[in-house]
$ cat protein_34.txt   # compact mmCIF, C-alpha atoms
# COMPACT_ATOMS: atom_id res chain seq x y z
CA MET A 1 -37.64 -38.04 -43.41
CA HIS A 2 -35.09 -35.38 -44.43
CA GLN A 3 -34.51 -34.12 -40.90
CA GLN A 4 -34.37 -37.62 -39.46
CA LEU A 5 -31.73 -38.60 -41.99
CA LEU A 6 -29.65 -35.52 -41.20
CA THR A 7 -29.84 -36.20 -37.46
CA LYS A 8 -29.01 -39.88 -38.12
CA GLU A 9 -32.25 -41.10 -36.63
CA LYS A 10 -32.81 -42.76 -40.00
CA THR A 11 -30.36 -44.36 -42.42
CA LEU A 12 -29.85 -44.21 -46.19
CA ALA A 13 -28.86 -47.34 -48.12
CA VAL A 14 -27.24 -47.56 -51.56
CA ILE A 15 -27.86 -50.82 -53.43
CA GLY A 16 -25.05 -51.53 -55.91
CA LEU A 17 -21.57 -50.10 -55.32
CA GLY A 18 -20.11 -49.82 -58.79
CA TYR A 19 -18.72 -46.71 -60.45
CA VAL A 20 -22.09 -44.98 -59.84
CA GLY A 21 -23.20 -46.30 -56.46
CA LEU A 22 -19.96 -45.98 -54.50
CA PRO A 23 -19.41 -42.23 -55.11
CA ILE A 24 -23.05 -41.58 -54.16
CA ALA A 25 -22.74 -43.65 -51.00
CA LEU A 26 -19.53 -41.92 -49.92
CA ALA A 27 -20.89 -38.45 -50.69
CA PHE A 28 -23.94 -39.04 -48.51
CA ALA A 29 -21.85 -40.76 -45.82
CA LYS A 30 -20.03 -37.49 -45.17
CA LYS A 31 -23.38 -35.99 -44.11
CA ILE A 32 -25.57 -38.85 -42.83
CA ARG A 33 -25.46 -42.51 -41.85
CA VAL A 34 -25.20 -44.83 -44.88
CA ILE A 35 -25.34 -48.54 -45.58
CA GLY A 36 -23.47 -49.55 -48.73
CA PHE A 37 -24.82 -52.85 -50.07
CA ASP A 38 -23.38 -55.00 -52.84
CA ILE A 39 -23.99 -58.69 -53.59
CA ASN A 40 -20.28 -59.23 -54.34
CA ALA A 41 -18.58 -60.10 -51.05
CA GLU A 42 -15.08 -59.62 -52.50
CA ARG A 43 -15.93 -56.08 -53.60
CA VAL A 44 -17.39 -55.35 -50.17
CA ASP A 45 -14.16 -56.51 -48.51
CA MET A 46 -12.16 -54.21 -50.77
CA MET A 47 -14.31 -51.22 -49.84
CA LYS A 48 -13.98 -52.05 -46.15
CA ASN A 49 -10.25 -51.65 -46.78
CA ARG A 50 -10.79 -48.26 -48.48
CA LEU A 51 -10.26 -49.61 -51.98
CA ASP A 52 -12.52 -48.79 -54.93
CA PRO A 53 -12.99 -51.94 -57.07
CA SER A 54 -13.70 -49.70 -60.08
CA ASN A 55 -10.35 -47.90 -59.62
CA GLU A 56 -12.06 -44.52 -59.85
CA LEU A 57 -11.64 -43.21 -56.29
CA GLU A 58 -8.58 -42.74 -54.09
CA PRO A 59 -8.51 -44.15 -50.52
CA THR A 60 -8.90 -40.58 -49.23
CA ALA A 61 -12.45 -40.57 -50.66
CA PHE A 62 -13.41 -42.85 -47.75
CA ASP A 63 -12.22 -40.34 -45.15
CA GLY A 64 -14.82 -39.00 -42.73
CA CYS A 65 -17.57 -41.31 -43.96
CA ASP A 66 -20.21 -42.83 -41.67
CA ILE A 67 -20.78 -45.92 -43.78
CA GLN A 68 -21.26 -49.64 -43.25
CA PHE A 69 -20.33 -51.84 -46.20
CA THR A 70 -22.20 -55.13 -46.36
CA HIS A 71 -23.46 -57.95 -48.57
CA SER A 72 -26.03 -59.08 -46.00
CA ILE A 73 -29.67 -58.22 -46.67
CA ASP A 74 -30.35 -58.26 -42.93
CA ASP A 75 -28.18 -55.15 -42.53
CA LEU A 76 -30.54 -53.23 -44.82
CA LYS A 77 -33.46 -53.52 -42.41
CA SER A 78 -32.46 -50.37 -40.54
CA ALA A 79 -32.62 -48.20 -43.69
CA SER A 80 -35.54 -45.94 -44.63
CA PHE A 81 -34.28 -44.25 -47.82
CA TYR A 82 -32.98 -46.54 -50.57
CA ILE A 83 -30.99 -45.65 -53.69
CA VAL A 84 -30.74 -48.37 -56.34
CA ALA A 85 -27.69 -48.00 -58.59
CA VAL A 86 -27.20 -51.31 -60.39
CA PRO A 87 -26.27 -51.98 -64.05
CA THR A 88 -28.90 -52.19 -66.78
CA PRO A 89 -27.27 -54.08 -69.67
CA VAL A 90 -28.69 -55.59 -72.85
CA ASP A 91 -28.51 -59.26 -73.82
CA LYS A 92 -26.88 -60.71 -76.94
CA HIS A 93 -30.02 -59.84 -78.91
CA LYS A 94 -29.79 -56.16 -77.83
CA VAL A 95 -32.87 -56.57 -75.63
CA PRO A 96 -32.88 -54.80 -72.23
CA ASP A 97 -31.83 -57.12 -69.41
CA LEU A 98 -33.68 -55.95 -66.31
CA THR A 99 -32.38 -58.81 -64.18
CA PRO A 100 -30.07 -56.66 -61.99
CA VAL A 101 -32.61 -53.88 -61.33
CA LEU A 102 -35.45 -56.31 -60.65
CA SER A 103 -33.22 -58.37 -58.37
CA ALA A 104 -32.29 -55.19 -56.50
CA SER A 105 -36.00 -54.38 -56.25
CA ARG A 106 -36.64 -57.78 -54.67
CA THR A 107 -33.82 -57.15 -52.21
CA VAL A 108 -35.31 -53.81 -51.18
CA GLY A 109 -38.79 -55.31 -51.07
CA LYS A 110 -37.66 -57.80 -48.43
CA VAL A 111 -36.72 -55.00 -46.02
CA LEU A 112 -39.15 -52.24 -47.07
CA SER A 113 -41.25 -50.63 -44.31
CA LYS A 114 -44.12 -48.16 -44.23
CA GLY A 115 -42.98 -44.61 -44.89
CA ASP A 116 -39.83 -45.61 -46.78
CA ILE A 117 -38.64 -44.03 -50.04
CA VAL A 118 -36.92 -45.88 -52.90
CA VAL A 119 -35.01 -43.94 -55.59
CA TYR A 120 -33.75 -45.60 -58.78
CA GLU A 121 -30.63 -44.30 -60.54
CA SER A 122 -30.17 -47.11 -63.06
CA THR A 123 -30.71 -46.10 -66.69
CA VAL A 124 -34.00 -47.55 -67.93
CA TYR A 125 -36.66 -46.91 -70.57
CA PRO A 126 -39.51 -44.52 -69.72
CA GLY A 127 -42.06 -46.33 -67.60
CA CYS A 128 -39.75 -49.02 -66.23
CA THR A 129 -39.73 -47.71 -62.66
CA GLU A 130 -43.51 -47.66 -62.40
CA ASP A 131 -44.38 -50.60 -64.68
CA ASP A 132 -41.61 -53.07 -63.77
CA CYS A 133 -39.88 -52.13 -60.52
CA ILE A 134 -42.73 -50.93 -58.30
CA PRO A 135 -44.83 -54.11 -58.81
CA VAL A 136 -41.83 -56.14 -57.55
CA LEU A 137 -41.51 -53.89 -54.49
CA GLU A 138 -45.23 -54.33 -53.76
CA GLU A 139 -45.25 -58.09 -54.32
CA VAL A 140 -42.23 -58.83 -52.12
CA SER A 141 -42.97 -56.33 -49.35
CA GLY A 142 -46.73 -56.78 -49.20
CA LEU A 143 -46.98 -52.99 -49.06
CA ARG A 144 -48.79 -50.63 -51.42
CA TRP A 145 -47.08 -47.93 -53.43
CA MET A 146 -48.28 -44.42 -52.55
CA ASP A 147 -50.22 -45.66 -49.51
CA ASP A 148 -47.26 -47.26 -47.71
CA PHE A 149 -44.08 -46.20 -49.54
CA LYS A 150 -42.97 -43.70 -52.19
CA VAL A 151 -40.64 -44.03 -55.17
CA GLY A 152 -38.50 -41.63 -57.18
CA TYR A 153 -36.09 -41.65 -60.09
CA SER A 154 -32.85 -39.67 -60.38
CA PRO A 155 -30.66 -40.72 -63.33
CA GLU A 156 -26.93 -41.02 -62.78
CA ARG A 157 -24.61 -38.75 -64.75
CA ILE A 158 -21.23 -40.01 -63.59
CA ASN A 159 -18.65 -40.28 -66.38
CA PRO A 160 -15.96 -42.94 -65.71
CA GLY A 161 -12.44 -41.52 -65.73
CA ASP A 162 -13.69 -37.91 -65.69
CA LYS A 163 -12.24 -36.05 -62.70
CA ASN A 164 -13.91 -32.75 -63.62
CA HIS A 165 -17.57 -33.70 -64.07
CA THR A 166 -18.32 -35.39 -60.78
CA LEU A 167 -21.43 -36.04 -58.71
CA GLU A 168 -20.98 -32.78 -56.83
CA ASN A 169 -20.76 -30.43 -59.81
CA ILE A 170 -23.30 -31.86 -62.27
CA VAL A 171 -26.94 -30.77 -61.98
CA LYS A 172 -28.99 -33.74 -60.73
CA VAL A 173 -32.36 -34.51 -62.30
CA VAL A 174 -34.80 -35.74 -59.65
CA SER A 175 -38.40 -36.94 -59.69
CA GLY A 176 -40.87 -38.45 -57.27
CA SER A 177 -44.20 -40.24 -56.95
CA ASP A 178 -45.86 -37.05 -55.74
CA GLU A 179 -44.99 -33.55 -54.52
CA GLU A 180 -44.17 -34.75 -51.03
CA SER A 181 -41.71 -37.44 -52.10
CA LEU A 182 -40.21 -35.14 -54.74
CA ASN A 183 -39.46 -32.55 -52.08
CA VAL A 184 -37.77 -35.09 -49.82
CA ILE A 185 -35.73 -36.59 -52.67
CA ALA A 186 -34.70 -33.19 -54.03
CA THR A 187 -33.74 -31.91 -50.60
CA MET A 188 -31.63 -35.00 -49.91
CA TYR A 189 -29.68 -34.75 -53.17
CA GLU A 190 -29.14 -31.04 -52.58
CA GLN A 191 -27.06 -32.05 -49.56
CA VAL A 192 -24.39 -33.58 -51.80
CA VAL A 193 -24.83 -31.98 -55.24
CA ASP A 194 -23.38 -28.46 -55.17
CA ALA A 195 -24.63 -27.75 -58.70
CA GLY A 196 -28.21 -28.18 -57.52
CA VAL A 197 -31.12 -30.27 -58.78
CA HIS A 198 -33.68 -30.08 -61.56
CA ARG A 199 -37.13 -31.24 -60.50
CA ALA A 200 -38.69 -33.22 -63.34
CA PRO A 201 -42.52 -33.19 -63.38
CA THR A 202 -42.83 -37.00 -63.51
CA ILE A 203 -40.73 -40.13 -63.12
CA LYS A 204 -41.18 -40.93 -66.83
CA VAL A 205 -39.81 -37.52 -67.83
CA ALA A 206 -36.70 -38.11 -65.73
CA GLU A 207 -36.24 -41.59 -67.25
CA ALA A 208 -36.66 -40.21 -70.77
CA ALA A 209 -34.23 -37.35 -70.14
CA LYS A 210 -31.49 -39.79 -69.21
CA ILE A 211 -32.08 -42.15 -72.10
CA ILE A 212 -31.89 -39.39 -74.74
CA GLU A 213 -28.65 -37.94 -73.32
CA ASN A 214 -26.72 -41.01 -74.45
CA THR A 215 -28.85 -41.59 -77.55
CA GLN A 216 -27.98 -38.09 -78.75
CA ARG A 217 -24.26 -38.72 -78.25
CA ASP A 218 -24.52 -42.10 -79.96
CA LEU A 219 -26.12 -40.58 -83.06
CA ASN A 220 -23.60 -37.77 -83.30
CA ILE A 221 -20.69 -40.21 -83.06
CA ALA A 222 -22.37 -42.45 -85.66
CA LEU A 223 -22.46 -39.49 -88.03
CA MET A 224 -18.74 -38.91 -87.46
CA ASN A 225 -18.03 -42.61 -88.08
CA GLU A 226 -19.95 -42.54 -91.35
CA LEU A 227 -18.15 -39.36 -92.41
CA SER A 228 -14.86 -41.05 -91.55
CA LYS A 229 -15.66 -43.91 -93.92
CA ILE A 230 -16.57 -41.44 -96.68
CA PHE A 231 -13.47 -39.29 -96.18
CA ASP A 232 -11.27 -42.38 -96.14
CA LEU A 233 -12.45 -43.15 -99.69
CA MET A 234 -11.45 -39.60 -100.63
CA ASP A 235 -8.04 -39.87 -98.92
CA ILE A 236 -8.94 -37.06 -96.50
CA ASN A 237 -7.99 -37.10 -92.82
CA THR A 238 -11.24 -36.86 -90.84
CA TYR A 239 -9.62 -35.14 -87.87
CA ASP A 240 -8.22 -32.41 -90.12
CA VAL A 241 -11.73 -31.88 -91.46
CA LEU A 242 -13.24 -31.71 -87.97
CA GLU A 243 -10.55 -29.30 -86.81
CA ALA A 244 -11.42 -26.96 -89.67
CA ALA A 245 -15.18 -27.31 -89.23
CA ASN A 246 -14.90 -26.70 -85.48
CA THR A 247 -13.89 -23.09 -86.14
CA LYS A 248 -17.60 -22.37 -86.68
CA TRP A 249 -19.23 -21.28 -83.41
CA ASN A 250 -22.13 -23.73 -83.49
CA PHE A 251 -20.38 -26.82 -84.89
CA LEU A 252 -20.89 -29.84 -82.59
CA ASN A 253 -17.52 -31.19 -81.51
CA PHE A 254 -17.88 -34.97 -81.86
CA PHE A 255 -15.30 -37.48 -83.14
CA PRO A 256 -15.32 -40.93 -84.73
CA GLY A 257 -14.38 -43.96 -82.68
CA LEU A 258 -15.27 -47.33 -81.20
CA VAL A 259 -18.48 -46.82 -79.19
CA GLY A 260 -18.59 -49.27 -76.32
CA GLY A 261 -19.11 -49.14 -72.59
CA HIS A 262 -22.25 -49.56 -70.54
CA CYS A 263 -23.94 -46.26 -71.45
CA ILE A 264 -23.72 -44.91 -75.01
CA GLY A 265 -23.45 -48.36 -76.59
CA VAL A 266 -26.35 -49.75 -74.54
CA ASP A 267 -28.89 -47.09 -73.56
CA PRO A 268 -30.32 -46.40 -77.05
CA TYR A 269 -31.50 -50.02 -77.18
CA TYR A 270 -33.66 -49.38 -74.10
CA LEU A 271 -35.41 -46.54 -75.92
CA THR A 272 -35.84 -48.45 -79.18
CA TYR A 273 -37.15 -51.49 -77.30
CA LYS A 274 -39.81 -49.40 -75.61
CA ALA A 275 -40.67 -47.59 -78.84
CA MET A 276 -41.21 -50.87 -80.68
CA SER A 277 -43.39 -52.17 -77.85
CA LYS A 278 -45.60 -49.17 -78.61
CA GLY A 279 -45.74 -50.06 -82.31
CA TYR A 280 -43.14 -47.59 -83.58
CA LYS A 281 -39.90 -48.72 -85.23
CA PRO A 282 -37.17 -46.09 -84.79
CA GLU A 283 -35.21 -45.49 -87.97
CA VAL A 284 -32.52 -42.95 -87.11
CA ILE A 285 -31.57 -44.37 -83.70
CA LEU A 286 -31.18 -47.93 -84.98
CA ALA A 287 -29.24 -46.72 -88.01
CA GLY A 288 -26.78 -45.00 -85.69
CA ARG A 289 -26.46 -48.16 -83.60
CA ARG A 290 -25.75 -50.26 -86.71
CA ILE A 291 -22.99 -47.90 -87.82
CA ASN A 292 -21.32 -47.75 -84.42
CA ASP A 293 -21.59 -51.50 -83.84
CA SER A 294 -19.91 -52.14 -87.20
CA MET A 295 -16.80 -50.06 -86.57
CA GLY A 296 -14.71 -52.82 -84.99
CA ALA A 297 -15.07 -55.02 -88.07
CA TYR A 298 -14.39 -52.00 -90.29
CA VAL A 299 -11.08 -51.24 -88.53
CA ALA A 300 -10.00 -54.87 -88.75
CA LYS A 301 -10.84 -55.02 -92.47
CA LYS A 302 -8.86 -51.83 -93.12
CA LEU A 303 -5.85 -53.29 -91.33
CA VAL A 304 -5.98 -56.52 -93.33
CA GLN A 305 -6.15 -54.46 -96.53
CA SER A 306 -3.09 -52.48 -95.39
CA LEU A 307 -1.16 -55.64 -94.63
CA ILE A 308 -1.90 -57.01 -98.11
CA LYS A 309 -1.13 -53.67 -99.78
CA ASN A 310 2.26 -53.62 -98.08
CA GLY A 311 3.12 -57.10 -99.30
CA LYS A 312 2.63 -58.91 -96.00
CA ASP A 313 1.20 -62.40 -95.62
CA VAL A 314 -1.87 -61.83 -93.44
CA SER A 315 -1.78 -65.29 -91.86
CA GLU A 316 1.88 -64.78 -90.95
CA SER A 317 1.46 -61.23 -89.66
CA LYS A 318 1.80 -60.23 -86.03
CA VAL A 319 -0.19 -57.27 -84.70
CA LEU A 320 0.03 -55.41 -81.38
CA ILE A 321 -3.21 -53.92 -80.06
CA MET A 322 -2.64 -51.23 -77.46
CA GLY A 323 -5.63 -50.72 -75.21
CA ALA A 324 -8.57 -53.00 -74.40
CA THR A 325 -10.82 -50.94 -72.12
CA PHE A 326 -13.93 -49.19 -73.43
CA LYS A 327 -12.37 -45.73 -73.03
CA GLU A 328 -9.13 -44.04 -72.09
CA ASP A 329 -7.59 -44.13 -68.60
CA VAL A 330 -10.20 -46.41 -67.02
CA SER A 331 -10.08 -50.11 -66.11
CA ASP A 332 -13.63 -50.90 -67.26
CA ILE A 333 -13.82 -53.47 -70.07
CA ARG A 334 -17.62 -53.84 -70.19
CA ASN A 335 -18.90 -53.82 -73.77
CA THR A 336 -15.52 -52.70 -75.10
CA LYS A 337 -15.56 -52.65 -78.89
CA VAL A 338 -11.82 -53.31 -79.06
CA VAL A 339 -12.86 -56.94 -78.67
CA ASP A 340 -14.66 -56.72 -82.03
CA VAL A 341 -11.39 -55.67 -83.67
CA ILE A 342 -9.47 -58.47 -81.97
CA LYS A 343 -11.92 -61.24 -82.84
CA GLU A 344 -12.23 -60.09 -86.44
CA LEU A 345 -8.44 -60.15 -86.88
CA ILE A 346 -8.24 -63.59 -85.26
CA ASP A 347 -10.75 -64.78 -87.89
CA TYR A 348 -8.24 -63.60 -90.51
CA SER A 349 -5.58 -65.80 -88.78
CA VAL A 350 -3.58 -62.78 -87.67
CA THR A 351 -1.40 -63.31 -84.59
CA ILE A 352 -2.47 -60.84 -81.91
CA ASP A 353 -0.85 -59.46 -78.76
CA VAL A 354 -3.04 -57.21 -76.61
CA VAL A 355 -1.64 -54.94 -73.89
CA ASP A 356 -3.42 -52.65 -71.45
CA ALA A 357 -2.04 -51.51 -68.08
CA TYR A 358 -5.52 -50.59 -66.82
CA ALA A 359 -7.50 -53.71 -67.70
CA ASP A 360 -7.59 -56.72 -65.40
CA PRO A 361 -6.28 -59.81 -67.29
CA SER A 362 -8.53 -62.19 -65.32
CA GLU A 363 -11.63 -60.09 -66.12
CA MET A 364 -10.64 -59.97 -69.79
CA LYS A 365 -10.29 -63.74 -69.84
CA HIS A 366 -13.57 -64.28 -68.00
CA GLU A 367 -15.64 -61.84 -70.05
CA TYR A 368 -14.25 -62.44 -73.53
CA GLY A 369 -11.99 -65.49 -73.41
CA LEU A 370 -9.09 -63.29 -74.51
CA SER A 371 -5.63 -63.00 -72.98
CA LEU A 372 -3.76 -59.81 -72.20
CA SER A 373 0.02 -59.85 -72.69
CA SER A 374 2.09 -58.68 -69.73
CA GLU A 375 4.73 -57.33 -72.10
CA THR A 376 5.30 -56.71 -75.78
CA ASN A 377 7.13 -59.13 -78.06
CA PRO A 378 8.40 -57.16 -81.09
CA PRO A 379 8.81 -56.86 -83.96
CA TYR A 380 5.21 -56.33 -85.07
CA ASP A 381 3.96 -55.91 -88.62
CA ALA A 382 1.34 -53.46 -87.38
CA ILE A 383 0.24 -51.65 -84.25
CA ILE A 384 -3.30 -50.55 -83.47
CA VAL A 385 -3.54 -47.82 -80.82
CA ALA A 386 -7.14 -48.66 -79.94
CA VAL A 387 -7.53 -46.64 -76.74
CA ASN A 388 -6.08 -43.20 -76.02
CA HIS A 389 -4.50 -44.00 -72.67
CA ASP A 390 -2.19 -41.22 -71.46
CA GLN A 391 0.80 -43.54 -71.48
CA TYR A 392 0.36 -44.10 -75.23
CA ALA A 393 0.12 -40.37 -75.88
CA GLN A 394 3.40 -39.86 -74.03
CA MET A 395 5.24 -42.41 -76.16
CA THR A 396 7.52 -40.99 -78.84
CA LEU A 397 7.45 -42.18 -82.43
CA ASP A 398 10.82 -43.81 -81.77
CA ASN A 399 9.08 -45.82 -79.03
CA TYR A 400 6.50 -46.98 -81.55
CA ARG A 401 9.13 -47.64 -84.24
CA SER A 402 11.10 -49.81 -81.82
CA LEU A 403 8.10 -52.14 -81.63
CA MET A 404 7.69 -52.50 -85.40
CA GLY A 405 9.58 -54.30 -88.15
CA ASN A 406 10.03 -53.41 -91.81
CA ASP A 407 7.30 -51.45 -93.63
CA PRO A 408 5.52 -50.76 -90.33
CA ILE A 409 1.81 -50.01 -90.17
CA LEU A 410 0.41 -47.79 -87.43
CA PHE A 411 -3.35 -47.57 -86.90
CA ASP A 412 -4.25 -44.69 -84.60
CA ILE A 413 -8.01 -45.13 -84.11
CA LYS A 414 -8.76 -41.71 -82.64
CA GLY A 415 -6.06 -39.67 -84.37
CA MET A 416 -4.02 -39.09 -81.22
CA LEU A 417 -0.71 -39.13 -83.11
CA LYS A 418 -1.79 -37.52 -86.39
CA ASP A 419 0.35 -34.39 -86.08
CA ARG A 420 3.64 -36.28 -85.73
CA ASP A 421 6.13 -36.97 -88.50
CA MET A 422 5.13 -40.35 -89.87
CA THR A 423 7.98 -40.69 -92.36
CA GLY A 424 8.58 -44.38 -93.04
CA ILE A 425 5.36 -45.46 -91.35
CA HIS A 426 2.12 -46.44 -93.06
CA TYR A 427 -0.24 -44.39 -90.89
CA TRP A 428 -4.05 -44.55 -90.71
CA SER A 429 -6.74 -43.18 -88.43
CA LEU A 430 -10.53 -42.96 -88.48
$ encode --input "protein_34.txt" --output "structure tokens"
Amino acid sequence: MHQQLLTKEKTLAVIGLGYVGLPIALAFAKKIRVIGFDINAERVDMMKNRLDPSNELEPTAFDGCDIQFTHSIDDLKSASFYIVAVPTPVDKHKVPDLTPVLSASRTVGKVLSKGDIVVYESTVYPGCTEDDCIPVLEEVSGLRWMDDFKVGYSPERINPGDKNHTLENIVKVVSGSDEESLNVIATMYEQVVDAGVHRAPTIKVAEAAKIIENTQRDLNIALMNELSKIFDLMDINTYDVLEAANTKWNFLNFFPGLVGGHCIGVDPYYLTYKAMSKGYKPEVILAGRRINDSMGAYVAKKLVQSLIKNGKDVSESKVLIMGATFKEDVSDIRNTKVVDVIKELIDYSVTIDVVDAYADPSEMKHEYGLSLSSETNPPYDAIIVAVNHDQYAQMTLDNYRSLMGNDPILFDIKGMLKDRDMTGIHYWSL
């Protein structure tokens, strides 16, 4: 399989061309023949024109790639090695929604042939690949796992907006159904991952490794958020405390903030769901999730208190929220917790303007029913810098003051501006 892929006698297909799938597809396409499949025809057309719908890659990333972009299942029939990289969200009840990964499994099942290999990259709970995905492959294809085809799991580690930690320079965890498939899968990923691969002993180990990476981060941020609430009651700046504590060699450098996105704010629920199906109710993980999920409402409440304290009529106040994406310098709005702040303030009858140069206004309207303003309309009673976009960091305090009226309030969620002279401004950060 490995040699036939390298000589282009066989073809690799990537199912799902989001911020994870597209970089993988392009990396392999510089070495072998690749089919890039996505169910969204508009996205496929963009990629045919060398445009990344996720706004992560430059057009030059498409240079020298032997790749066919398609939304037609028929085009997948020539593939022998499949990589599934589709989203794994949770529903409104925080229950894992396997619809995308199972749908992708059905798609692959329709074109699967004897001798093929299927590798899943989507973040799932331990056991999902073998217990949920493989049965779909067998049912649709009429083939038998192990006898007719093999499966592996290699969790994605791509960080949106991070230009330093990329596919090529992060160690890739790989696993396979057996030693033979593991060797093929590991050897294939070694073609594109310069940092090398780690061979996990089982698929479940690889699934578990991925799920605890984000669970660990979630818990550490939850601790920082709880400390921030405590220090706020003591009139202590949390970031000053963390700066001092970080002088110790083994202090873990985490910060408070709004925890959204499609990884840290979602993945722990996959682990807790599986744990509870086994009869164990996680205490620490769910406590961390409750704290992080409550931070949007907490920020909104603090702002309302500040408006009242400064003699402003809350229902007559106008607030500018700067940033709507789930993290800085990306266009992704999935599971952004800035929305929690916005909706909470709307419930208080506060007039809100939201600006974000990265976010797509039509996506914001479709996903959340909220409008993005194309420009500011000062003066504002308060400003919330919700996302640390570079353009906000480059603004001077005079820029911020020009947007505010009398007795201005500036909420700087992640303490980006804390070292500036805030004379005349009511300043607050987590």
$ residues_near_point --input "protein_34.txt" --point "(-15.2, -47.7, -67.2)" --cutoff "10 Å" --atoms "all atoms listed in the file" --output "ChimeraX atom specification"
/A:18-19,54-56,159-161,260-263,325-336,359
$ residues_around --input "protein_34.txt" --residues "A:Leu5" --least-positions-apart "5" --cutoff "7 Å" --atoms "all atoms listed in the file" --output "ChimeraX atom specification"
/A:10-11,32
$ closest_residue --input "protein_34.txt" --among "A:Val184, A:Ala79, A:Ile158, A:Ala393" --to "A:Lys172" --atoms "only C-alpha atoms"
A:Ile158
$ atom_distance --input "protein_34.txt" --atom1 "atom CA of A:Pro256" --atom2 "atom CA of A:Val284"
17.5 Å
$ closest_residue --input "protein_34.txt" --among "A:Ser349, A:Lys77, A:Thr123, A:Gly109" --to "A:Asp97" --atoms "only C-alpha atoms"
A:Thr123
$ atom_distance --input "protein_34.txt" --atom1 "atom CA of A:Gly142" --atom2 "atom CA of A:Leu112"
9.1 Å
$ residues_around --input "protein_34.txt" --residues "stretch 186-200 of chain A" --least-positions-apart "4" --cutoff "8 Å" --atoms "only C-alpha atoms" --output "ChimeraX atom specification"
/A:2,27-28,31,167-175,182,205-206
$ residues_around --input "protein_34.txt" --residues "A:Met47" --least-positions-apart "2" --cutoff "10 Å" --atoms "only C-alpha atoms" --output "PyMOL selection string"
chain A and resi 17+22+36+41-45+49-53+59+62+68-70
$ closest_residue --input "protein_34.txt" --among "A:Ala208, A:His165, A:Asn250, A:Asp116" --to "A:Tyr153" --atoms "all atoms listed in the file"
A:Ala208
$ residues_around --input "protein_34.txt" --residues "A:Arg106" --least-positions-apart "2" --cutoff "9 Å" --atoms "all atoms listed in the file" --output "ChimeraX atom specification"
/A:101-104,108-110,133,136-137,139-141
$ residues_around --input "protein_34.txt" --residues "A:Ala61" --least-positions-apart "3" --cutoff "8 Å" --atoms "all atoms listed in the file" --output "list in words"
Leu26, Leu57 and Glu58 of chain A
$ atom_distance --input "protein_34.txt" --atom1 "atom CA of A:Met422" --atom2 "atom CA of A:Asp407"
11.9 Å
$ closest_residue --input "protein_34.txt" --among "A:Val355, A:Ile291, A:Val299, A:Met322" --to "A:Ser429" --atoms "only C-alpha atoms"
A:Val299
$ closest_residue --input "protein_34.txt" --among "A:Asp356, A:Asp147, A:Asp313, A:Glu156" --to "A:Ser177" --atoms "all atoms listed in the file"
A:Asp147
$ closest_residue --input "protein_34.txt" --among "A:Gly415, A:Pro96, A:Pro408, A:Pro201" --to "A:Asn310" --atoms "all atoms listed in the file"
A:Pro408
$ residues_near_point --input "protein_34.txt" --point "(-9.9, -60.5, -74.6)" --cutoff "12 Å" --atoms "all atoms listed in the file" --output "ChimeraX atom specification"
/A:321,323-325,333-343,346,352-356,359-373
$ axis_aligned_box --input "protein_34.txt" --around "stretch 3-19 of chain A" --padding-each-side "5 Å" --output "AutoDock Vina command-line options"
--center_x -26.6 --center_y -42.8 --center_z -48.5 --size_x 25.8 --size_y 27.4 --size_z 33.8
